[in-house]
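K.L.:
I am sharing protein_13.pdb, which consists of PDB, C-alpha atoms:
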MODEL        1
ATOM      1  CA  MET H   1     -30.298 -81.235 -13.120
ATOM      2  CA  ALA H   2     -28.592 -84.357 -14.465
ATOM      3  CA  LYS H   3     -26.529 -86.407 -12.086
ATOM      4  CA  VAL H   4     -22.833 -87.015 -12.431
ATOM      5  CA  LYS H   5     -21.585 -90.236 -10.941
ATOM      6  CA  PRO H   6     -18.714 -89.281  -8.628
ATOM      7  CA  LYS H   7     -15.459 -91.195  -8.722
ATOM      8  CA  LYS H   8     -14.871 -92.619  -5.267
ATOM      9  CA  SER H   9     -11.107 -92.395  -5.715
ATOM     10  CA  LEU H  10     -11.393 -88.615  -5.593
ATOM     11  CA  GLY H  11     -13.000 -88.718  -2.158
ATOM     12  CA  GLN H  12     -15.675 -86.341  -3.408
ATOM     13  CA  HIS H  13     -19.181 -86.045  -1.961
ATOM     14  CA  PHE H  14     -21.431 -83.755  -3.985
ATOM     15  CA  LEU H  15     -23.407 -81.142  -2.068
ATOM     16  CA  THR H  16     -27.136 -81.180  -2.846
ATOM     17  CA  ASP H  17     -28.595 -78.746  -0.286
ATOM     18  CA  LEU H  18     -28.938 -75.274  -1.808
ATOM     19  CA  ASN H  19     -29.266 -73.552   1.562
ATOM     20  CA  VAL H  20     -25.932 -74.971   2.707
ATOM     21  CA  ALA H  21     -24.324 -74.011  -0.612
ATOM     22  CA  ALA H  22     -25.585 -70.447  -0.214
ATOM     23  CA  ARG H  23     -24.136 -70.228   3.305
ATOM     24  CA  ILE H  24     -20.746 -71.477   2.124
ATOM     25  CA  ALA H  25     -20.671 -69.047  -0.815
ATOM     26  CA  ALA H  26     -21.452 -66.180   1.573
ATOM     27  CA  THR H  27     -18.392 -66.909   3.731
ATOM     28  CA  ILE H  28     -16.213 -64.883   1.336
ATOM     29  CA  ASP H  29     -18.585 -61.923   0.926
ATOM     30  CA  ASP H  30     -16.154 -59.669   2.795
ATOM     31  CA  CYS H  31     -13.616 -59.766  -0.072
ATOM     32  CA  PRO H  32     -15.830 -58.983  -3.100
ATOM     33  CA  ASP H  33     -13.032 -57.572  -5.258
ATOM     34  CA  LEU H  34     -10.750 -60.599  -5.148
ATOM     35  CA  PRO H  35     -10.881 -63.283  -7.831
ATOM     36  CA  VAL H  36     -12.170 -66.622  -6.575
ATOM     37  CA  VAL H  37     -10.828 -70.101  -7.293
ATOM     38  CA  GLU H  38     -13.251 -72.920  -6.528
ATOM     39  CA  VAL H  39     -11.712 -76.338  -5.919
ATOM     40  CA  GLY H  40     -13.753 -79.385  -6.922
ATOM     41  CA  PRO H  41     -16.989 -77.772  -8.189
ATOM     42  CA  GLY H  42     -18.574 -81.108  -9.120
ATOM     43  CA  MET H  43     -21.989 -80.330 -10.611
ATOM     44  CA  GLY H  44     -21.732 -76.643  -9.772
ATOM     45  CA  VAL H  45     -24.092 -76.240  -6.826
ATOM     46  CA  LEU H  46     -21.724 -73.898  -4.981
ATOM     47  CA  THR H  47     -20.487 -72.494  -8.304
ATOM     48  CA  GLN H  48     -23.892 -71.098  -9.211
ATOM     49  CA  PHE H  49     -24.150 -69.082  -6.002
ATOM     50  CA  LEU H  50     -20.672 -67.649  -6.543
ATOM     51  CA  LEU H  51     -21.562 -66.614 -10.087
ATOM     52  CA  ASP H  52     -24.897 -65.164  -9.002
ATOM     53  CA  ALA H  53     -22.946 -63.007  -6.536
ATOM     54  CA  GLY H  54     -20.941 -61.616  -9.447
ATOM     55  CA  ARG H  55     -17.639 -63.198  -8.444
ATOM     56  CA  ASP H  56     -14.680 -63.356 -10.829
ATOM     57  CA  LEU H  57     -14.611 -67.146 -10.742
ATOM     58  CA  THR H  58     -12.305 -69.886 -11.999
ATOM     59  CA  VAL H  59     -13.065 -73.512 -11.157
ATOM     60  CA  VAL H  60     -10.566 -76.353 -10.921
ATOM     61  CA  GLU H  61     -11.910 -79.882 -11.370
ATOM     62  CA  LEU H  62     -10.044 -83.162 -11.819
ATOM     63  CA  ASP H  63     -13.015 -85.437 -12.536
ATOM     64  CA  SER H  64     -13.481 -85.538 -16.326
ATOM     65  CA  GLU H  65     -17.212 -86.349 -16.052
ATOM     66  CA  SER H  66     -17.798 -83.299 -13.888
ATOM     67  CA  VAL H  67     -15.764 -81.150 -16.285
ATOM     68  CA  GLU H  68     -17.882 -82.335 -19.214
ATOM     69  CA  TYR H  69     -21.057 -81.579 -17.286
ATOM     70  CA  LEU H  70     -19.883 -78.042 -16.521
ATOM     71  CA  LYS H  71     -18.800 -77.417 -20.108
ATOM     72  CA  GLN H  72     -22.260 -78.400 -21.350
ATOM     73  CA  GLY H  73     -23.535 -75.159 -19.834
ATOM     74  CA  HIS H  74     -25.592 -76.540 -16.947
ATOM     75  CA  VAL H  75     -24.226 -73.783 -14.677
ATOM     76  CA  GLY H  76     -25.403 -70.452 -16.011
ATOM     77  CA  GLY H  77     -22.678 -67.872 -16.515
ATOM     78  CA  LEU H  78     -19.714 -70.232 -16.178
ATOM     79  CA  LYS H  79     -17.531 -69.720 -19.229
ATOM     80  CA  PRO H  80     -15.739 -72.810 -20.626
ATOM     81  CA  GLU H  81     -12.383 -71.028 -20.529
ATOM     82  CA  ARG H  82     -12.774 -70.570 -16.767
ATOM     83  CA  ILE H  83     -13.039 -74.345 -16.244
ATOM     84  CA  VAL H  84      -9.605 -75.795 -15.535
ATOM     85  CA  GLU H  85      -9.353 -79.576 -15.759
ATOM     86  CA  ALA H  86      -6.393 -80.279 -13.513
ATOM     87  CA  ASP H  87      -5.141 -81.496 -10.173
ATOM     88  CA  PHE H  88      -5.303 -78.461  -7.900
ATOM     89  CA  LEU H  89      -2.336 -79.737  -5.913
ATOM     90  CA  GLN H  90      -0.133 -79.626  -9.016
ATOM     91  CA  LEU H  91      -1.202 -76.196 -10.280
ATOM     92  CA  ASP H  92       0.757 -72.976 -10.286
ATOM     93  CA  LEU H  93      -1.847 -70.876  -8.471
ATOM     94  CA  ALA H  94      -0.478 -67.590  -9.799
ATOM     95  CA  SER H  95      -1.393 -68.732 -13.313
ATOM     96  CA  LEU H  96      -5.077 -68.925 -12.372
ATOM     97  CA  THR H  97      -5.405 -65.218 -11.558
ATOM     98  CA  GLY H  98      -2.499 -63.657 -13.418
ATOM     99  CA  GLY H  99      -0.567 -63.299 -10.183
ATOM    100  CA  ARG H 100      -3.371 -61.428  -8.396
ATOM    101  CA  LYS H 101      -4.265 -62.260  -4.818
ATOM    102  CA  MET H 102      -7.253 -64.570  -4.517
ATOM    103  CA  CYS H 103      -9.863 -66.347  -2.433
ATOM    104  CA  ILE H 104     -10.030 -70.133  -2.507
ATOM    105  CA  ILE H 105     -13.275 -71.920  -1.746
ATOM    106  CA  GLY H 106     -14.723 -75.375  -2.217
ATOM    107  CA  ASN H 107     -16.382 -78.520  -1.038
ATOM    108  CA  TYR H 108     -12.979 -80.107  -0.629
ATOM    109  CA  PRO H 109     -12.386 -83.816  -1.308
ATOM    110  CA  TYR H 110     -11.903 -85.429   2.085
ATOM    111  CA  ASN H 111      -8.888 -87.497   1.101
ATOM    112  CA  ILE H 112      -6.755 -84.523   0.028
ATOM    113  CA  SER H 113      -8.124 -81.717   2.209
ATOM    114  CA  SER H 114      -5.004 -81.508   4.376
ATOM    115  CA  GLN H 115      -2.826 -81.346   1.257
ATOM    116  CA  ILE H 116      -5.015 -78.535  -0.087
ATOM    117  CA  PHE H 117      -4.388 -76.488   3.054
ATOM    118  CA  PHE H 118      -0.655 -77.135   2.888
ATOM    119  CA  LYS H 119      -0.901 -75.787  -0.677
ATOM    120  CA  VAL H 120      -2.638 -72.696   0.706
ATOM    121  CA  LEU H 121       0.136 -72.346   3.290
ATOM    122  CA  ASP H 122       2.808 -72.480   0.588
ATOM    123  CA  ASN H 123       0.913 -69.837  -1.411
ATOM    124  CA  ARG H 124       0.102 -67.527   1.495
ATOM    125  CA  HIS H 125       1.503 -64.578  -0.494
ATOM    126  CA  LEU H 126      -1.347 -65.124  -2.987
ATOM    127  CA  VAL H 127      -4.216 -66.549  -0.927
ATOM    128  CA  ASP H 128      -5.790 -63.761   1.123
ATOM    129  CA  GLU H 129      -8.786 -65.834   2.156
ATOM    130  CA  CYS H 130      -9.707 -69.502   2.052
ATOM    131  CA  ALA H 131     -13.048 -70.973   3.034
ATOM    132  CA  GLY H 132     -15.042 -74.100   2.434
ATOM    133  CA  MET H 133     -16.184 -77.459   3.645
ATOM    134  CA  LEU H 134     -14.189 -80.516   4.623
ATOM    135  CA  GLN H 135     -14.363 -83.333   7.139
ATOM    136  CA  ARG H 136     -15.421 -81.835  10.466
ATOM    137  CA  GLU H 137     -12.525 -83.314  12.427
ATOM    138  CA  VAL H 138      -9.993 -81.813  10.036
ATOM    139  CA  ALA H 139     -11.715 -78.415  10.077
ATOM    140  CA  GLU H 140     -11.795 -78.441  13.883
ATOM    141  CA  ARG H 141      -8.127 -79.443  14.009
ATOM    142  CA  ILE H 142      -7.072 -76.568  11.774
ATOM    143  CA  CYS H 143      -8.881 -74.113  14.040
ATOM    144  CA  ALA H 144      -7.880 -75.733  17.352
ATOM    145  CA  ARG H 145      -6.064 -73.451  19.793
ATOM    146  CA  GLU H 146      -3.278 -74.288  22.234
ATOM    147  CA  GLY H 147      -4.376 -76.722  24.917
ATOM    148  CA  SER H 148      -6.682 -78.652  22.623
ATOM    149  CA  LYS H 149      -5.881 -82.326  22.113
ATOM    150  CA  THR H 150      -6.953 -81.987  18.473
ATOM    151  CA  ARG H 151      -4.297 -79.343  17.765
ATOM    152  CA  GLY H 152      -1.777 -80.428  15.141
ATOM    153  CA  ILE H 153       0.782 -79.399  12.552
ATOM    154  CA  LEU H 154      -1.637 -77.501  10.304
ATOM    155  CA  SER H 155      -3.137 -75.726  13.325
ATOM    156  CA  VAL H 156       0.157 -74.084  14.221
ATOM    157  CA  LEU H 157       1.502 -73.375  10.751
ATOM    158  CA  LEU H 158      -1.714 -71.919   9.366
ATOM    159  CA  GLN H 159      -2.504 -69.896  12.484
ATOM    160  CA  LEU H 160       0.847 -68.137  12.156
ATOM    161  CA  TRP H 161      -0.308 -66.565   8.895
ATOM    162  CA  TYR H 162      -4.121 -66.758   9.065
ATOM    163  CA  ASP H 163      -6.990 -66.076  11.429
ATOM    164  CA  CYS H 164      -8.748 -69.461  11.403
ATOM    165  CA  GLU H 165     -12.434 -69.706  12.268
ATOM    166  CA  TYR H 166     -14.706 -72.747  12.439
ATOM    167  CA  LEU H 167     -18.104 -71.571  11.178
ATOM    168  CA  PHE H 168     -20.677 -74.368  11.227
ATOM    169  CA  THR H 169     -21.268 -78.116  10.970
ATOM    170  CA  VAL H 170     -22.970 -79.808   8.005
ATOM    171  CA  PRO H 171     -24.853 -83.141   8.400
ATOM    172  CA  GLU H 172     -24.276 -86.184   6.216
ATOM    173  CA  HIS H 173     -27.651 -86.260   4.429
ATOM    174  CA  VAL H 174     -27.041 -83.141   2.324
ATOM    175  CA  PHE H 175     -24.529 -84.968   0.108
ATOM    176  CA  ASN H 176     -24.649 -87.483  -2.712
ATOM    177  CA  PRO H 177     -23.338 -89.988  -1.810
ATOM    178  CA  PRO H 178     -23.686 -89.301   1.937
ATOM    179  CA  PRO H 179     -20.321 -89.465   3.726
ATOM    180  CA  LYS H 180     -19.921 -91.483   6.902
ATOM    181  CA  VAL H 181     -18.877 -88.419   8.868
ATOM    182  CA  LYS H 182     -20.103 -84.883   9.412
ATOM    183  CA  SER H 183     -18.541 -81.964   7.594
ATOM    184  CA  GLY H 184     -17.395 -78.600   8.874
ATOM    185  CA  VAL H 185     -17.120 -75.192   7.230
ATOM    186  CA  LEU H 186     -14.194 -72.952   8.102
ATOM    187  CA  ARG H 187     -12.692 -69.674   6.971
ATOM    188  CA  LEU H 188      -9.070 -68.524   6.939
ATOM    189  CA  ARG H 189      -8.190 -64.840   6.580
ATOM    190  CA  ARG H 190      -4.653 -63.530   6.132
ATOM    191  CA  ASN H 191      -3.620 -61.757   9.303
ATOM    192  CA  GLY H 192      -1.096 -59.370   7.752
ATOM    193  CA  ILE H 193       2.027 -60.999   9.167
ATOM    194  CA  THR H 194       4.923 -60.867   6.720
ATOM    195  CA  ASP H 195       7.805 -61.600   9.095
ATOM    196  CA  PRO H 196       7.223 -64.663  11.290
ATOM    197  CA  GLY H 197      10.015 -63.660  13.664
ATOM    198  CA  CYS H 198      11.996 -66.814  13.030
ATOM    199  CA  ASP H 199      13.338 -69.073  10.289
ATOM    200  CA  PHE H 200       9.999 -70.381   9.022
ATOM    201  CA  ALA H 201      11.559 -73.387   7.269
ATOM    202  CA  LEU H 202      13.082 -74.433  10.580
ATOM    203  CA  MET H 203       9.814 -73.727  12.382
ATOM    204  CA  ARG H 204       8.000 -76.101  10.008
ATOM    205  CA  THR H 205      10.551 -78.765  10.896
ATOM    206  CA  VAL H 206      10.216 -78.088  14.631
ATOM    207  CA  VAL H 207       6.423 -78.317  14.443
ATOM    208  CA  LYS H 208       6.477 -81.513  12.380
ATOM    209  CA  VAL H 209       9.071 -83.237  14.555
ATOM    210  CA  THR H 210       7.404 -82.382  17.857
ATOM    211  CA  PHE H 211       3.895 -83.288  16.714
ATOM    212  CA  GLY H 212       5.294 -86.455  15.179
ATOM    213  CA  GLN H 213       6.130 -87.476  18.768
ATOM    214  CA  ARG H 214       3.263 -85.700  20.452
ATOM    215  CA  ARG H 215       3.225 -87.949  23.509
ATOM    216  CA  LYS H 216       6.729 -86.815  24.382
ATOM    217  CA  THR H 217       7.656 -83.539  26.011
ATOM    218  CA  ILE H 218       9.324 -80.889  23.877
ATOM    219  CA  ARG H 219      12.607 -81.562  25.665
ATOM    220  CA  ASN H 220      12.617 -85.159  24.431
ATOM    221  CA  SER H 221      11.053 -84.761  20.997
ATOM    222  CA  ALA H 222      13.317 -81.846  20.008
ATOM    223  CA  LYS H 223      16.545 -83.737  20.767
ATOM    224  CA  SER H 224      16.881 -84.882  17.171
ATOM    225  CA  LEU H 225      16.970 -81.249  16.022
ATOM    226  CA  LEU H 226      20.045 -80.411  18.095
ATOM    227  CA  PRO H 227      23.691 -81.115  17.254
ATOM    228  CA  PRO H 228      25.069 -84.364  18.729
ATOM    229  CA  GLY H 229      25.979 -83.928  22.373
ATOM    230  CA  THR H 230      23.965 -80.719  22.759
ATOM    231  CA  ALA H 231      21.553 -80.784  25.695
ATOM    232  CA  PHE H 232      18.169 -79.140  25.532
ATOM    233  CA  PRO H 233      18.442 -76.011  27.716
ATOM    234  CA  ALA H 234      17.202 -76.647  31.225
ATOM    235  CA  ASP H 235      15.860 -73.104  31.542
ATOM    236  CA  CYS H 236      13.627 -73.326  28.465
ATOM    237  CA  PRO H 237      10.054 -72.785  29.711
ATOM    238  CA  TYR H 238       8.635 -75.157  27.088
ATOM    239  CA  GLY H 239      10.777 -78.210  27.765
ATOM    240  CA  ALA H 240       8.243 -79.983  29.988
ATOM    241  CA  LEU H 241       5.270 -79.211  27.713
ATOM    242  CA  ARG H 242       3.809 -81.226  24.852
ATOM    243  CA  PRO H 243       3.407 -79.634  21.416
ATOM    244  CA  GLU H 244      -0.352 -79.118  21.574
ATOM    245  CA  GLN H 245       0.142 -76.916  24.643
ATOM    246  CA  LEU H 246       2.257 -74.329  22.814
ATOM    247  CA  SER H 247       0.842 -71.222  21.158
ATOM    248  CA  VAL H 248       2.058 -70.066  17.764
ATOM    249  CA  GLU H 249       4.160 -67.381  19.441
ATOM    250  CA  GLN H 250       5.750 -69.957  21.728
ATOM    251  CA  PHE H 251       6.653 -72.129  18.738
ATOM    252  CA  VAL H 252       8.349 -69.090  17.218
ATOM    253  CA  GLU H 253      10.368 -68.642  20.428
ATOM    254  CA  LEU H 254      11.178 -72.358  20.550
ATOM    255  CA  THR H 255      12.382 -72.223  16.942
ATOM    256  CA  ASN H 256      14.717 -69.346  17.774
ATOM    257  CA  ILE H 257      16.096 -71.245  20.776
ATOM    258  CA  ILE H 258      16.785 -74.294  18.612
ATOM    259  CA  ALA H 259      18.296 -72.111  15.888
ATOM    260  CA  SER H 260      20.727 -70.579  18.380
ATOM    261  CA  LEU H 261      21.827 -74.049  19.491
ATOM    262  CA  ARG H 262      22.356 -75.167  15.898
ATOM    263  CA  SER H 263      24.468 -72.194  14.866
TER     264      SER H 263
ENDMDL
END
Represent the supplied structure as structure tokens.

P.N.:
Amino acid sequence: MAKVKPKKSLGQHFLTDLNVAARIAATIDDCPDLPVVEVGPGMGVLTQFLLDAGRDLTVVELDSESVEYLKQGHVGGLKPERIVEADFLQLDLASLTGGRKMCIIGNYPYNISSQIFFKVLDNRHLVDECAGMLQREVAERICAREGSKTRGILSVLLQLWYDCEYLFTVPEHVFNPPPKVKSGVLRLRRNGITDPGCDFALMRTVVKVTFGQRRKTIRNSAKSLLPPGTAFPADCPYGALRPEQLSVEQFVELTNIIASLRS
């Protein structure tokens, strides 16, 4: 297999271990009827396993050298019309599957992995499952539960809509070029929630503001969300806590409390 020189600006590290690729491809075996969108296929190591499994696959790749490699037919069964040369973050995801629900998978570029998962969040009505590999610390953060110091904005927002599971760790030496950090594989599955129980746009703001001042208690960090002169309610059970201590359900309740004070 010919080598494609990766562009460092894309933050991409190409997976070379076939056993790891097979394990990642198998993470979406429980949704065999859904079309699959692979982000950043590179030289197609993961792609080949997805095709061999008979998946209805579209790949999205920004690197023109990788696109040319794929179009030359080095990955058996990958049709040229299913290779989309584009920035995944700028795509209308519905256009990739004709509006059908989908799985998203990939060896995600480290430098945009958080943005990819915000894209998944914004397209939760389309993305039933999302799995793949990214920097281990980011994967662990997404899956972190309340009480964990690694818990953050994506943890709360994604866990409202998805069951998030950290699956396994991948060492540095299975990539070309080897990254300086370990990677982690996770899987997100839609949990069936359609009504979050609060104004979700406001909840996003509450989560971002409180985690933006994560060393402060909720009582102090949420002040900026209240009308001038409005005190944070003394009887709120979350006032003395910090954001990483709150569950998703508690953030929903906090959002409703703040909404009532803003009305």

K.L.:
Taking into account all atoms listed in the file, which residue in the set H:Cys164, H:Gly42, H:Gln115, H:Gln245 is nearest to His74 in chain H?

P.N.:
H:Gly42

K.L.:
Counting all atoms listed in the file, what is within 12 Å of Val120 in chain H, bar same-chain residues fewer than 2 positions away, as a short mmCIF file (atom, residue, chain, number, x, y, z; two decimals) with C-alpha atoms, keeping the file's coordinate frame?

P.N.:
data_model
loop_
_atom_site.label_atom_id
_atom_site.label_comp_id
_atom_site.auth_asym_id
_atom_site.auth_seq_id
_atom_site.Cartn_x
_atom_site.Cartn_y
_atom_site.Cartn_z
CA VAL H 37 -10.83 -70.10 -7.29
CA VAL H 39 -11.71 -76.34 -5.92
CA PHE H 88 -5.30 -78.46 -7.90
CA LEU H 89 -2.34 -79.74 -5.91
CA LEU H 91 -1.20 -76.20 -10.28
CA ASP H 92 0.76 -72.98 -10.29
CA LEU H 93 -1.85 -70.88 -8.47
CA ALA H 94 -0.48 -67.59 -9.80
CA LYS H 101 -4.26 -62.26 -4.82
CA MET H 102 -7.25 -64.57 -4.52
CA CYS H 103 -9.86 -66.35 -2.43
CA ILE H 104 -10.03 -70.13 -2.51
CA ILE H 105 -13.28 -71.92 -1.75
CA SER H 113 -8.12 -81.72 2.21
CA SER H 114 -5.00 -81.51 4.38
CA GLN H 115 -2.83 -81.35 1.26
CA ILE H 116 -5.01 -78.54 -0.09
CA PHE H 117 -4.39 -76.49 3.05
CA PHE H 118 -0.66 -77.14 2.89
CA ASP H 122 2.81 -72.48 0.59
CA ASN H 123 0.91 -69.84 -1.41
CA ARG H 124 0.10 -67.53 1.50
CA HIS H 125 1.50 -64.58 -0.49
CA LEU H 126 -1.35 -65.12 -2.99
CA VAL H 127 -4.22 -66.55 -0.93
CA ASP H 128 -5.79 -63.76 1.12
CA GLU H 129 -8.79 -65.83 2.16
CA CYS H 130 -9.71 -69.50 2.05
CA ALA H 131 -13.05 -70.97 3.03
CA LEU H 154 -1.64 -77.50 10.30
CA LEU H 157 1.50 -73.38 10.75
CA LEU H 158 -1.71 -71.92 9.37
CA TRP H 161 -0.31 -66.56 8.90
CA TYR H 162 -4.12 -66.76 9.06
CA LEU H 188 -9.07 -68.52 6.94
CA ARG H 189 -8.19 -64.84 6.58
CA ARG H 190 -4.65 -63.53 6.13
#

K.L.:
Let me know the residues the PyMOL selection byres ((chain H and resi 168) around 10) catches in the file above, as a ChimeraX atom specification.

P.N.:
/H:23-24,133,136,139,165-167,169-170,183-186

K.L.:
Which residues match the PyMOL selection byres ((chain H and resi 70) around 10) in the file above, as a VMD selection string?

P.N.:
chain H and resid 41 to 44 47 59 61 64 to 69 71 to 76 78 to 80 83

K.L.:
Pick out the residues sitting within 12 Å of Ala201 in chain H, and hand them over as a list in words; count only C-alpha atoms, and ignore anything fewer than 2 positions along from it in its own chain.

P.N.:
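In the requested format, the answer is Asp122, Leu157, Pro196, Gly197, Cys198, Asp199, Met203, Arg204, Thr205, Val206, Val207, Lys208, Val252, Thr255, Asn256 and Ala259 of chain H.
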
K.L.:
Compare H:His13, H:Pro109, H:Gly54, H:Gln48 by their minimum atom-to-atom distance to Asp33 in chain H, counting all atoms listed in the file, and give me the closest one.

P.N.:
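Closest candidate: H:Gly54.
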
K.L.:
My list of candidates is H:Pro233, H:Gly40, H:Pro243, H:Pro227. Which is closest to Arg215 in chain H when distances are computed with only C-alpha atoms?

P.N.:
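With only C-alpha atoms as the atom set, the closest residue is H:Pro243.
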
K.L.:
List the residues selected by the PyMOL selection byres ((chain H and resi 242) around 10) in the file shown, writing them as a ChimeraX atom specification.

P.N.:
/H:147,210-211,213-221,238-241,243-246

K.L.:
CA of Pro179 in chain H and CA of Asp17 in chain H, how far apart in Å?

P.N.:
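So the answer is 14.1 Å.
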
K.L.:
Of the candidates H:Gln90, H:Asn191, H:Leu15, H:Gly152, which one gets nearest to His173 in chain H if we count only C-alpha atoms?

P.N.:
H:Leu15

K.L.:
For a test of reading the model, state the distance in Å between CA of Val36 in chain H and CA of Gly132 in chain H, rounded to one decimal.

P.N.:
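That distance, rounded to one decimal, is 12.1 Å.
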
K.L.:
If I take CA of Val84 in chain H and CA of Thr97 in chain H, how far is one from the other in Å, to one decimal?

P.N.:
12.1 Å

K.L.:
Starting from the incomplete input, reconstruct all heavy atoms of range 116-123 of chain H and report them as an mmCIF file, in the frame of the given file.

P.N.:
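Final output, saved to rebuild.cif:
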data_model
loop_
_atom_site.group_PDB
_atom_site.id
_atom_site.type_symbol
_atom_site.label_atom_id
_atom_site.label_comp_id
_atom_site.auth_asym_id
_atom_site.auth_seq_id
_atom_site.Cartn_x
_atom_site.Cartn_y
_atom_site.Cartn_z
ATOM 1 N N ILE H 116 -4.532 -79.804 0.460
ATOM 2 C CA ILE H 116 -5.015 -78.535 -0.087
ATOM 3 C C ILE H 116 -4.604 -77.385 0.832
ATOM 4 O O ILE H 116 -4.146 -76.325 0.368
ATOM 5 C CB ILE H 116 -6.543 -78.570 -0.279
ATOM 6 C CG1 ILE H 116 -6.891 -79.461 -1.474
ATOM 7 C CG2 ILE H 116 -7.112 -77.158 -0.482
ATOM 8 C CD1 ILE H 116 -8.380 -79.727 -1.639
ATOM 9 N N PHE H 117 -4.718 -77.572 2.133
ATOM 10 C CA PHE H 117 -4.388 -76.488 3.054
ATOM 11 C C PHE H 117 -2.879 -76.294 3.197
ATOM 12 O O PHE H 117 -2.426 -75.177 3.467
ATOM 13 C CB PHE H 117 -5.085 -76.699 4.399
ATOM 14 C CG PHE H 117 -6.528 -76.311 4.338
ATOM 15 C CD1 PHE H 117 -7.502 -77.233 3.994
ATOM 16 C CD2 PHE H 117 -6.921 -75.007 4.574
ATOM 17 C CE1 PHE H 117 -8.837 -76.864 3.908
ATOM 18 C CE2 PHE H 117 -8.247 -74.619 4.497
ATOM 19 C CZ PHE H 117 -9.216 -75.550 4.153
ATOM 20 N N PHE H 118 -2.098 -77.337 2.981
ATOM 21 C CA PHE H 118 -0.655 -77.135 2.888
ATOM 22 C C PHE H 118 -0.324 -76.338 1.625
ATOM 23 O O PHE H 118 0.604 -75.509 1.627
ATOM 24 C CB PHE H 118 0.083 -78.473 2.877
ATOM 25 C CG PHE H 118 0.375 -79.022 4.250
ATOM 26 C CD1 PHE H 118 -0.217 -80.204 4.682
ATOM 27 C CD2 PHE H 118 1.242 -78.359 5.114
ATOM 28 C CE1 PHE H 118 0.040 -80.708 5.949
ATOM 29 C CE2 PHE H 118 1.507 -78.865 6.387
ATOM 30 C CZ PHE H 118 0.907 -80.042 6.802
ATOM 31 N N LYS H 119 -1.075 -76.564 0.559
ATOM 32 C CA LYS H 119 -0.901 -75.787 -0.677
ATOM 33 C C LYS H 119 -1.231 -74.310 -0.418
ATOM 34 O O LYS H 119 -0.519 -73.416 -0.887
ATOM 35 C CB LYS H 119 -1.821 -76.341 -1.765
ATOM 36 C CG LYS H 119 -1.765 -75.606 -3.102
ATOM 37 C CD LYS H 119 -0.741 -76.183 -4.016
ATOM 38 C CE LYS H 119 -0.836 -75.609 -5.406
ATOM 39 N NZ LYS H 119 0.158 -76.186 -6.336
ATOM 40 N N VAL H 120 -2.294 -74.072 0.323
ATOM 41 C CA VAL H 120 -2.638 -72.696 0.706
ATOM 42 C C VAL H 120 -1.505 -72.078 1.511
ATOM 43 O O VAL H 120 -1.093 -70.930 1.279
ATOM 44 C CB VAL H 120 -3.953 -72.674 1.512
ATOM 45 C CG1 VAL H 120 -4.190 -71.312 2.155
ATOM 46 C CG2 VAL H 120 -5.132 -73.049 0.607
ATOM 47 N N LEU H 121 -0.975 -72.829 2.465
ATOM 48 C CA LEU H 121 0.136 -72.346 3.290
ATOM 49 C C LEU H 121 1.324 -71.936 2.428
ATOM 50 O O LEU H 121 1.924 -70.873 2.620
ATOM 51 C CB LEU H 121 0.544 -73.435 4.286
ATOM 52 C CG LEU H 121 1.729 -73.125 5.198
ATOM 53 C CD1 LEU H 121 1.375 -72.040 6.191
ATOM 54 C CD2 LEU H 121 2.161 -74.400 5.933
ATOM 55 N N ASP H 122 1.661 -72.765 1.448
ATOM 56 C CA ASP H 122 2.808 -72.480 0.588
ATOM 57 C C ASP H 122 2.551 -71.297 -0.340
ATOM 58 O O ASP H 122 3.504 -70.719 -0.883
ATOM 59 C CB ASP H 122 3.155 -73.720 -0.239
ATOM 60 C CG ASP H 122 3.727 -74.844 0.605
ATOM 61 O OD1 ASP H 122 4.232 -74.565 1.712
ATOM 62 O OD2 ASP H 122 3.661 -76.011 0.171
ATOM 63 N N ASN H 123 1.282 -70.953 -0.533
ATOM 64 C CA ASN H 123 0.913 -69.837 -1.411
ATOM 65 C C ASN H 123 0.279 -68.698 -0.617
ATOM 66 O O ASN H 123 -0.542 -67.950 -1.143
ATOM 67 C CB ASN H 123 -0.032 -70.328 -2.506
ATOM 68 C CG ASN H 123 0.654 -71.182 -3.541
ATOM 69 O OD1 ASN H 123 1.181 -70.684 -4.533
ATOM 70 N ND2 ASN H 123 0.660 -72.484 -3.312
#
